[in-house]
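Shown next: query04.txt, containing compact mmCIF, C-alpha atoms.
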# COMPACT_ATOMS: atom_id res chain seq x y z
CA MET A 195 -14.90 -44.03 -202.37
CA LEU A 196 -16.79 -44.58 -199.15
CA GLU A 197 -18.77 -47.30 -200.89
CA PHE A 198 -15.50 -48.98 -201.88
CA LEU A 199 -14.16 -48.80 -198.35
CA LEU A 200 -17.39 -50.16 -196.93
CA ARG A 201 -17.25 -53.02 -199.40
CA ILE A 202 -13.69 -53.86 -198.35
CA PHE A 203 -14.67 -53.81 -194.73
CA GLY A 204 -17.70 -55.89 -195.36
CA ARG A 205 -20.41 -53.29 -194.98
CA ASP A 206 -21.85 -53.29 -198.45
CA THR A 207 -24.94 -51.17 -198.59
CA THR A 208 -26.59 -53.44 -201.13
CA ALA A 209 -26.01 -56.64 -199.17
CA SER A 210 -27.60 -59.58 -200.93
CA LYS A 211 -28.92 -61.04 -197.69
CA LYS A 212 -31.45 -58.24 -197.55
CA VAL A 213 -32.68 -59.26 -200.96
CA ALA A 214 -32.84 -62.89 -199.85
CA LYS A 215 -34.80 -62.02 -196.71
CA GLU A 216 -37.26 -59.83 -198.55
CA ARG A 217 -37.89 -62.43 -201.24
CA LEU A 218 -38.30 -65.11 -198.62
CA ARG A 219 -40.77 -62.99 -196.69
CA LEU A 220 -42.92 -62.44 -199.74
CA VAL A 221 -42.90 -66.04 -200.87
CA LEU A 222 -43.78 -67.25 -197.37
CA VAL A 223 -46.75 -64.91 -197.09
CA HIS A 224 -48.23 -66.76 -200.06
CA ASP A 225 -47.11 -70.21 -198.90
CA ARG A 226 -48.51 -69.77 -195.42
CA ALA A 227 -51.80 -68.25 -196.50
CA GLY A 228 -52.26 -71.17 -198.89
CA VAL A 229 -53.36 -68.70 -201.56
CA SER A 230 -52.67 -69.91 -205.08
CA PRO A 231 -51.85 -67.54 -207.93
CA HIS A 232 -55.00 -68.91 -209.58
CA LEU A 233 -57.15 -67.76 -206.65
CA LEU A 234 -55.57 -64.31 -206.72
CA GLU A 235 -56.20 -64.06 -210.46
CA ALA A 236 -59.88 -65.00 -210.04
CA LEU A 237 -60.22 -62.52 -207.19
CA LYS A 238 -58.62 -59.83 -209.33
CA ASN A 239 -61.05 -60.44 -212.18
CA ASP A 240 -64.03 -60.27 -209.85
CA LEU A 241 -62.70 -57.05 -208.32
CA ILE A 242 -62.37 -55.55 -211.80
CA SER A 243 -65.91 -56.39 -212.73
CA VAL A 244 -67.37 -55.00 -209.50
CA ILE A 245 -65.30 -51.83 -209.39
CA SER A 246 -65.86 -51.16 -213.09
CA GLU A 247 -69.54 -50.58 -212.31
CA TYR A 248 -68.56 -47.47 -210.42
CA LEU A 249 -65.21 -46.33 -211.74
CA ASP A 250 -63.16 -46.48 -214.90
CA ILE A 251 -60.03 -48.27 -213.82
CA ASP A 252 -56.76 -49.17 -215.46
CA THR A 253 -57.14 -52.95 -215.58
CA GLN A 254 -53.57 -53.38 -216.84
CA GLY A 255 -52.06 -51.47 -213.94
CA LEU A 256 -54.16 -53.24 -211.32
CA GLU A 257 -52.21 -55.22 -208.73
CA VAL A 258 -53.60 -57.57 -206.11
CA THR A 259 -51.10 -58.99 -203.65
CA LEU A 260 -50.84 -60.27 -200.12
CA SER A 261 -48.67 -58.40 -197.69
CA HIS A 262 -47.35 -59.40 -194.32
CA GLU A 263 -47.17 -56.84 -191.57
CA ASN A 264 -46.97 -57.23 -187.82
CA ASP A 265 -47.85 -60.92 -187.92
CA SER A 266 -51.01 -60.39 -189.92
CA VAL A 267 -51.66 -60.91 -193.58
CA ALA A 268 -53.39 -58.16 -195.56
CA LEU A 269 -54.84 -58.15 -199.03
CA VAL A 270 -53.44 -55.16 -200.86
CA ALA A 271 -55.10 -53.98 -204.05
CA ASN A 272 -53.53 -51.17 -206.00
CA ILE A 273 -56.16 -49.96 -208.45
CA PRO A 274 -55.35 -46.95 -210.64
CA ILE A 275 -58.53 -44.94 -211.32
CA LEU A 276 -58.83 -43.37 -214.79
CA ARG A 277 -62.04 -41.46 -214.07
CA VAL A 278 -65.19 -41.58 -212.01
CA LYS A 279 -68.22 -42.64 -214.00
CA ARG A 280 -70.85 -39.93 -214.33
CA THR A 281 -73.66 -42.33 -215.00
CA PHE A 282 -73.45 -43.93 -211.62
CA LYS A 283 -76.43 -46.17 -210.99
CA THR A 284 -77.79 -46.63 -207.50
CA GLY A 285 -77.91 -50.07 -206.01
CA ALA A 286 -81.69 -50.34 -206.59
CA GLU A 287 -81.42 -49.52 -210.26
CA THR A 288 -78.60 -51.99 -210.86
CA SER A 289 -80.49 -54.77 -209.25
CA VAL A 290 -83.52 -53.99 -211.40
CA LYS A 291 -81.32 -54.07 -214.46
CA ALA A 292 -79.82 -57.36 -213.44
CA MET B 235 -38.12 -95.67 -173.02
CA GLY B 236 -35.99 -93.77 -175.50
CA GLU B 237 -36.67 -90.66 -177.52
CA VAL B 238 -37.57 -90.94 -181.19
CA ILE B 239 -36.28 -87.92 -183.12
CA VAL B 240 -36.78 -87.38 -186.83
CA ILE B 241 -34.26 -85.28 -188.77
CA THR B 242 -36.01 -83.58 -191.65
CA SER B 243 -35.73 -80.58 -193.99
CA GLY B 244 -38.07 -80.66 -196.95
CA LYS B 245 -35.37 -79.68 -199.40
CA GLY B 246 -32.76 -82.22 -200.42
CA GLY B 247 -29.04 -81.70 -200.08
CA VAL B 248 -29.07 -79.54 -196.97
CA GLY B 249 -27.37 -82.17 -194.81
CA LYS B 250 -30.01 -84.38 -193.20
CA THR B 251 -27.99 -87.56 -193.55
CA THR B 252 -24.73 -85.94 -192.44
CA THR B 253 -26.55 -84.45 -189.47
CA THR B 254 -28.14 -87.79 -188.53
CA ALA B 255 -24.79 -89.59 -188.74
CA ASN B 256 -22.97 -86.96 -186.70
CA LEU B 257 -25.60 -86.50 -184.01
CA GLY B 258 -25.99 -90.25 -183.62
CA THR B 259 -22.25 -90.72 -183.36
CA GLY B 260 -22.03 -87.74 -181.02
CA LEU B 261 -24.72 -89.12 -178.72
CA ALA B 262 -23.12 -92.56 -178.74
CA SER B 263 -19.75 -91.09 -177.80
CA LEU B 264 -21.50 -89.48 -174.82
CA GLY B 265 -22.32 -93.02 -173.77
CA LYS B 266 -25.92 -93.12 -174.96
CA LYS B 267 -27.36 -96.19 -176.61
CA VAL B 268 -28.31 -95.02 -180.09
CA VAL B 269 -29.87 -96.44 -183.23
CA LEU B 270 -29.96 -94.61 -186.57
CA VAL B 271 -32.79 -95.46 -188.94
CA ASP B 272 -32.51 -94.68 -192.65
CA THR B 273 -36.05 -94.24 -193.98
CA ASP B 274 -34.99 -93.06 -197.42
CA ILE B 275 -36.14 -96.25 -199.11
CA GLY B 276 -34.73 -96.56 -202.64
CA LEU B 277 -32.04 -93.92 -202.03
CA ARG B 278 -30.16 -95.14 -199.01
CA ASN B 279 -27.16 -93.09 -198.00
CA LEU B 280 -26.74 -93.18 -194.27
CA ASP B 281 -24.80 -96.47 -194.54
CA VAL B 282 -22.09 -94.90 -196.72
CA VAL B 283 -21.86 -91.75 -194.61
CA MET B 284 -21.34 -94.02 -191.60
CA GLY B 285 -18.90 -96.23 -193.51
CA LEU B 286 -21.01 -99.32 -192.87
CA GLU B 287 -22.11 -100.10 -196.43
CA ASN B 288 -20.21 -103.39 -196.58
CA ARG B 289 -21.92 -104.86 -193.56
CA ILE B 290 -25.54 -104.75 -194.69
CA VAL B 291 -27.31 -108.09 -194.80
CA TYR B 292 -30.91 -107.23 -194.00
CA ASP B 293 -32.70 -103.90 -194.11
CA LEU B 294 -35.71 -102.02 -192.74
CA LEU B 295 -38.05 -103.60 -195.24
CA ASP B 296 -36.91 -107.12 -194.34
CA VAL B 297 -37.82 -106.31 -190.75
CA VAL B 298 -41.30 -104.88 -191.40
CA GLU B 299 -42.11 -107.65 -193.86
CA GLY B 300 -40.98 -110.30 -191.42
CA ARG B 301 -38.04 -111.77 -193.37
CA CYS B 302 -35.74 -111.32 -190.41
CA ARG B 303 -35.79 -110.31 -186.78
CA LEU B 304 -35.08 -106.71 -185.87
CA LYS B 305 -31.79 -107.67 -184.19
CA GLN B 306 -30.52 -109.36 -187.35
CA ALA B 307 -30.97 -106.19 -189.44
CA LEU B 308 -29.23 -103.86 -187.00
CA ILE B 309 -25.62 -103.14 -187.96
CA LYS B 310 -23.20 -102.42 -185.17
CA ASP B 311 -20.95 -99.40 -185.71
CA LYS B 312 -17.22 -100.02 -186.30
CA ARG B 313 -16.09 -97.42 -183.80
CA LEU B 314 -18.64 -97.21 -181.03
CA GLU B 315 -20.04 -100.05 -178.95
CA ASN B 316 -23.47 -98.58 -178.36
CA LEU B 317 -24.28 -97.31 -181.86
CA TYR B 318 -26.39 -99.18 -184.41
CA LEU B 319 -27.77 -98.58 -187.89
CA LEU B 320 -30.95 -99.87 -189.46
CA PRO B 321 -30.37 -99.36 -193.20
CA ALA B 322 -33.03 -98.59 -195.80
CA ASN B 323 -33.90 -100.94 -198.61
CA GLN B 324 -32.33 -99.90 -201.90
CA THR B 325 -34.46 -101.76 -204.48
CA ARG B 326 -38.00 -100.69 -203.66
CA ASP B 327 -39.64 -97.28 -203.12
CA LYS B 328 -41.29 -95.26 -200.35
CA THR B 329 -44.68 -96.90 -200.84
CA ALA B 330 -43.26 -100.24 -199.69
CA VAL B 331 -43.79 -99.30 -196.03
CA SER B 332 -46.95 -98.15 -194.30
CA ARG B 333 -47.35 -95.57 -191.56
CA GLN B 334 -48.48 -98.18 -189.10
CA GLN B 335 -45.46 -100.37 -189.81
CA MET B 336 -43.21 -97.38 -189.06
CA VAL B 337 -45.05 -96.55 -185.85
CA ASP B 338 -44.70 -100.16 -184.70
CA LEU B 339 -41.03 -100.33 -185.63
CA MET B 340 -40.18 -97.14 -183.72
CA ALA B 341 -42.13 -98.34 -180.71
CA GLN B 342 -40.04 -101.50 -180.75
CA LEU B 343 -36.73 -99.62 -181.13
CA ARG B 344 -37.41 -97.16 -178.33
CA GLU B 345 -37.77 -100.04 -175.92
CA GLU B 346 -34.08 -100.84 -176.38
CA TYR B 347 -32.42 -97.55 -177.25
CA GLU B 348 -32.13 -94.21 -175.51
CA PHE B 349 -32.11 -92.35 -178.81
CA VAL B 350 -33.71 -93.40 -182.08
CA LEU B 351 -32.67 -90.96 -184.84
CA ILE B 352 -34.64 -91.14 -188.07
CA ASP B 353 -33.06 -89.88 -191.28
CA CYS B 354 -36.05 -88.58 -193.24
CA PRO B 355 -36.16 -88.49 -197.05
CA ALA B 356 -36.49 -85.14 -198.85
CA GLY B 357 -39.95 -84.08 -199.94
CA ILE B 358 -43.34 -83.95 -198.27
CA GLU B 359 -44.87 -87.10 -199.70
CA MET B 360 -45.32 -90.56 -198.31
CA GLY B 361 -41.67 -91.06 -197.34
CA PHE B 362 -41.81 -87.95 -195.17
CA LYS B 363 -45.17 -88.89 -193.66
CA ASN B 364 -43.89 -92.37 -192.81
CA ALA B 365 -40.68 -91.01 -191.32
CA ILE B 366 -42.47 -88.63 -188.96
CA ALA B 367 -45.24 -91.07 -188.06
CA GLY B 368 -43.37 -92.84 -185.29
CA ALA B 369 -41.40 -89.83 -184.04
CA GLU B 370 -42.18 -87.65 -181.06
CA LYS B 371 -39.64 -84.91 -181.73
CA ALA B 372 -38.26 -83.32 -184.86
CA LEU B 373 -35.13 -81.45 -185.86
CA VAL B 374 -35.44 -79.31 -188.98
CA VAL B 375 -32.22 -78.80 -190.95
CA THR B 376 -31.85 -75.78 -193.19
CA THR B 377 -29.06 -73.88 -194.90
CA PRO B 378 -28.94 -70.06 -195.21
CA GLU B 379 -30.57 -70.06 -198.63
CA VAL B 380 -33.98 -68.84 -199.75
CA ALA B 381 -35.08 -72.22 -201.14
CA ALA B 382 -33.99 -74.21 -198.08
CA VAL B 383 -35.60 -71.81 -195.59
CA ARG B 384 -38.79 -71.76 -197.61
CA ASP B 385 -38.98 -75.56 -197.58
CA ALA B 386 -38.14 -75.62 -193.87
CA ASP B 387 -41.10 -73.31 -193.27
CA ARG B 388 -43.38 -75.71 -195.13
CA ILE B 389 -42.05 -78.67 -193.15
CA ILE B 390 -42.56 -76.84 -189.85
CA GLY B 391 -46.18 -76.23 -190.86
CA LEU B 392 -46.65 -79.92 -191.66
CA LEU B 393 -45.03 -81.01 -188.39
CA GLU B 394 -47.35 -78.70 -186.47
CA ALA B 395 -50.32 -80.09 -188.37
CA ALA B 396 -49.17 -83.59 -187.37
CA GLU B 397 -49.24 -82.40 -183.74
CA MET B 398 -45.56 -83.06 -183.25
CA GLU B 399 -43.78 -81.44 -180.31
CA ALA B 400 -42.35 -78.03 -181.35
CA PRO B 401 -39.49 -78.79 -183.76
CA ARG B 402 -36.04 -77.30 -183.28
CA LEU B 403 -33.84 -75.80 -185.96
CA ILE B 404 -30.34 -76.71 -187.11
CA ILE B 405 -28.73 -74.13 -189.38
CA ASN B 406 -26.21 -75.97 -191.48
CA ARG B 407 -23.34 -74.79 -193.68
CA LEU B 408 -23.25 -71.26 -192.31
CA ARG B 409 -20.38 -69.17 -193.60
CA PRO B 410 -19.50 -66.54 -190.99
CA ASP B 411 -17.31 -64.66 -193.49
CA MET B 412 -20.25 -64.22 -195.88
CA VAL B 413 -22.62 -63.33 -193.03
CA ARG B 414 -20.21 -60.57 -191.99
CA LYS B 415 -20.22 -59.19 -195.52
CA GLY B 416 -23.99 -59.19 -195.53
CA ASP B 417 -24.04 -61.75 -198.32
CA MET B 418 -25.66 -64.53 -196.34
CA MET B 419 -28.69 -64.54 -194.07
CA ASP B 420 -27.64 -64.64 -190.44
CA ILE B 421 -28.99 -66.75 -187.60
CA GLU B 422 -31.40 -64.06 -186.38
CA ASP B 423 -32.81 -63.57 -189.88
CA MET B 424 -33.74 -67.23 -190.12
CA LEU B 425 -35.08 -67.54 -186.59
CA GLU B 426 -37.22 -64.48 -187.11
CA ILE B 427 -38.69 -65.87 -190.30
CA LEU B 428 -39.22 -69.45 -189.13
CA ALA B 429 -40.17 -68.57 -185.54
CA ILE B 430 -38.85 -71.79 -183.96
CA ASP B 431 -36.19 -72.57 -181.39
CA LEU B 432 -32.59 -73.08 -182.44
CA ILE B 433 -30.69 -76.16 -181.31
CA GLY B 434 -27.45 -75.51 -183.16
CA VAL B 435 -25.49 -73.89 -185.94
CA VAL B 436 -23.03 -75.89 -188.03
CA PRO B 437 -20.45 -73.89 -189.98
CA GLU B 438 -19.43 -74.79 -193.51
CA ASP B 439 -16.43 -77.07 -193.16
CA GLU B 440 -14.36 -78.72 -195.86
CA TYR B 441 -13.64 -81.50 -193.46
CA ILE B 442 -17.22 -82.77 -193.91
CA VAL B 443 -16.31 -83.73 -197.49
CA ILE B 444 -13.20 -85.54 -196.31
CA SER B 445 -15.03 -87.33 -193.52
CA THR B 446 -17.80 -88.39 -195.90
CA ASN B 447 -15.17 -89.68 -198.33
CA ARG B 448 -13.78 -91.83 -195.56
CA GLY B 449 -17.09 -92.82 -194.00
CA GLU B 450 -16.09 -91.41 -190.64
CA PRO B 451 -18.41 -88.83 -189.07
CA ALA B 452 -16.71 -85.44 -188.49
CA VAL B 453 -17.99 -85.38 -184.92
CA LEU B 454 -15.18 -87.78 -184.02
CA ASP B 455 -12.53 -85.36 -185.25
CA LYS B 456 -11.32 -82.96 -182.58
CA HIS B 457 -10.19 -80.36 -185.11
CA SER B 458 -13.29 -80.17 -187.28
CA ARG B 459 -15.35 -77.03 -186.69
CA ALA B 460 -18.51 -78.74 -187.91
CA GLY B 461 -17.65 -81.68 -185.66
CA GLN B 462 -17.46 -79.34 -182.66
CA ALA B 463 -20.87 -77.89 -183.55
CA TYR B 464 -22.36 -81.40 -183.81
CA ARG B 465 -20.86 -82.38 -180.45
CA ASN B 466 -22.60 -79.37 -178.91
CA ILE B 467 -25.95 -80.26 -180.48
CA ALA B 468 -25.62 -83.85 -179.26
CA ARG B 469 -25.08 -82.57 -175.72
CA ARG B 470 -28.10 -80.27 -176.03
CA LEU B 471 -30.17 -83.28 -177.09
CA THR B 472 -29.30 -84.94 -173.80
CA GLY B 473 -30.72 -81.91 -172.01
CA GLU B 474 -27.43 -80.24 -171.20
CA GLU B 475 -27.22 -76.45 -171.52
CA VAL B 476 -24.39 -75.67 -173.90
CA PRO B 477 -23.72 -72.04 -174.87
CA PHE B 478 -23.88 -71.25 -178.57
CA LEU B 479 -20.57 -70.64 -180.28
CA ASN B 480 -20.16 -67.06 -181.32
CA TRP B 481 -19.96 -67.01 -185.11
CA ASP B 482 -20.11 -63.25 -185.46
CA ALA B 483 -16.81 -62.40 -183.82
CA GLY B 484 -14.20 -63.36 -186.33
CA ASN B 485 -10.59 -63.29 -185.33
CA GLY B 486 -9.14 -62.91 -188.77
CA ILE B 487 -7.02 -59.86 -189.53
CA MET B 488 -9.89 -58.11 -191.32
CA ALA B 489 -12.27 -58.70 -188.40
CA ARG B 490 -9.76 -57.23 -185.98
CA LEU B 491 -9.13 -54.28 -188.27
CA ARG B 492 -12.88 -53.76 -188.63
CA ARG B 493 -13.28 -53.66 -184.87
CA LEU B 494 -10.35 -51.30 -184.59
CA ILE B 495 -11.96 -48.71 -186.83
CA GLY B 496 -15.33 -49.20 -185.20
CA LEU B 497 -17.13 -51.00 -187.99
CA GLY B 498 -17.52 -54.29 -186.21
Using the file provided, produce a representation of the structure as structure tokens.
Amino acid sequence: MLEFLLRIFGRDTTASKKVAKERLRLVLVHDRAGVSPHLLEALKNDLISVISEYLDIDTQGLEVTLSHENDSVALVANIPILRVKRTFKTGAETSVKA
Amino acid sequence: MGEVIVITSGKGGVGKTTTTANLGTGLASLGKKVVLVDTDIGLRNLDVVMGLENRIVYDLLDVVEGRCRLKQALIKDKRLENLYLLPANQTRDKTAVSRQQMVDLMAQLREEYEFVLIDCPAGIEMGFKNAIAGAEKALVVTTPEVAAVRDADRIIGLLEAAEMEAPRLIINRLRPDMVRKGDMMDIEDMLEILAIDLIGVVPEDEYIVISTNRGEPAVLDKHSRAGQAYRNIARRLTGEEVPFLNWDAGNGIMARLRRLIGLG
């Protein structure tokens, strides 16, 4: 009922301008940073290969995005960990192996 | 020495040509000597918006390619003494003119006119680059839509890269009723996102359609709301301080009721 009244008086809680502003913000973060989806995809694949040396991760659930906060752009990676690898190799050993 | 101002937007259909026609007419009715330059080669429109399409003999390309003198190509407005139009060519494309030719042409025009307004084509390619080449100031036109604001942001970046003086924003086709309902981005939203100075807000106005049908800029009509907004912007271009119209305070019955119950 309150929702209905608010709508009549023009105070819709799900105002579409908020959606517009949020979408615009996100798209501009990418536009301004000049980061192509291709670059992000390549970065994501490299992250997977590096992190997989140490942790078992959910590669399907992995998200790499840019976010804009307080006039600065941050790279945000959301990486679900399945389990920590027991056979963790030290840096020296890996380099020998490589 | 006059000012050369380019009117640009990135996205098409947001009202660059209408804005150019109205601001030029507005400035001329303030007594300024004004020339409008249509740089949308291949898609000329400013002539029809101004209602001068039947008077074209020569065009911009004829001037830069030396087929006529600049004076011969300039069309005098029907209504105002001190207003002229340099139309675009309609048969060729944007590559027909070079940057240097544009720079030279604008330098020539500013000798004679107090305001040279350039109607820029949509896009960010050669036509855009040519249009901004000879300009010292820029007005960016946007509408309260995601796509238009996004393109405006891109254009602002390109203008900055071209070391143009800080561009100013015109928000066109604002609908105060939708803004009040929260269904359209408001002025602050857009200024916050684009981070540039505002020079004016033009409300959506059916009269623009009528005036375009007739080829008579709305700025000449006392009753047009958009015309009033354009008159204000023209005065601001001359350096006058004109307060912004208050679009938030509606005076409709719902707006009054809303205020009454403390929701406005």
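Remark: for His224 in chain A, the closest of the candidate residues B:Asp387, B:Asp338, B:Glu379, B:Pro437 is B:Asp387 (distances computed over all atoms listed in the file).
Counting from CA of Pro401 in chain B, the distance to CA of Asp431 in chain B is 7.4 Å.
The list of residues within 12 Å of (-36.5, -95.0, -203.0), counted using only C-alpha atoms, is Asp272, Thr273, Asp274, Ile275, Gly276, Leu277, Arg278, Asn279, Leu295, Ala322, Asn323, Gln324, Thr325, Arg326, Asp327, Lys328, Thr329, Ala330, Val331, Cys354, Pro355, Ala356, Gly357, Glu359, Met360, Gly361 and Phe362 of chain B.
Coordinates place CA of Gly247 in chain B at a distance of 28.1 Å from CA of Gly473 in chain B.
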Query raised in the report: Counting only C-alpha atoms, what is within 8 Å of Ile352 in chain B, bar same-chain residues fewer than 6 positions away, as a list in words?
Result: Val238, Ile239, Val240, Ile241, Thr254, Leu270, Val271, Asp272, Thr273, Ala365 and Ala369 of chain B
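Among the candidates A:Val258, A:Ala271, A:Leu220, A:Leu237, the residue lying nearest to chain B is A:Leu220 (atoms considered: only C-alpha atoms).
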**Report entry** Atomic separation - CA of His457 in chain B relative to CA of Lys310 in chain B, Å
**Finding:** 25.6 Å
**Report entry** Minimum-distance residue to Ala460 in chain B, chosen among B:Leu257, B:Val282, B:Leu428, B:Ile309 (using all atoms listed in the file)
**Finding:** B:Leu257
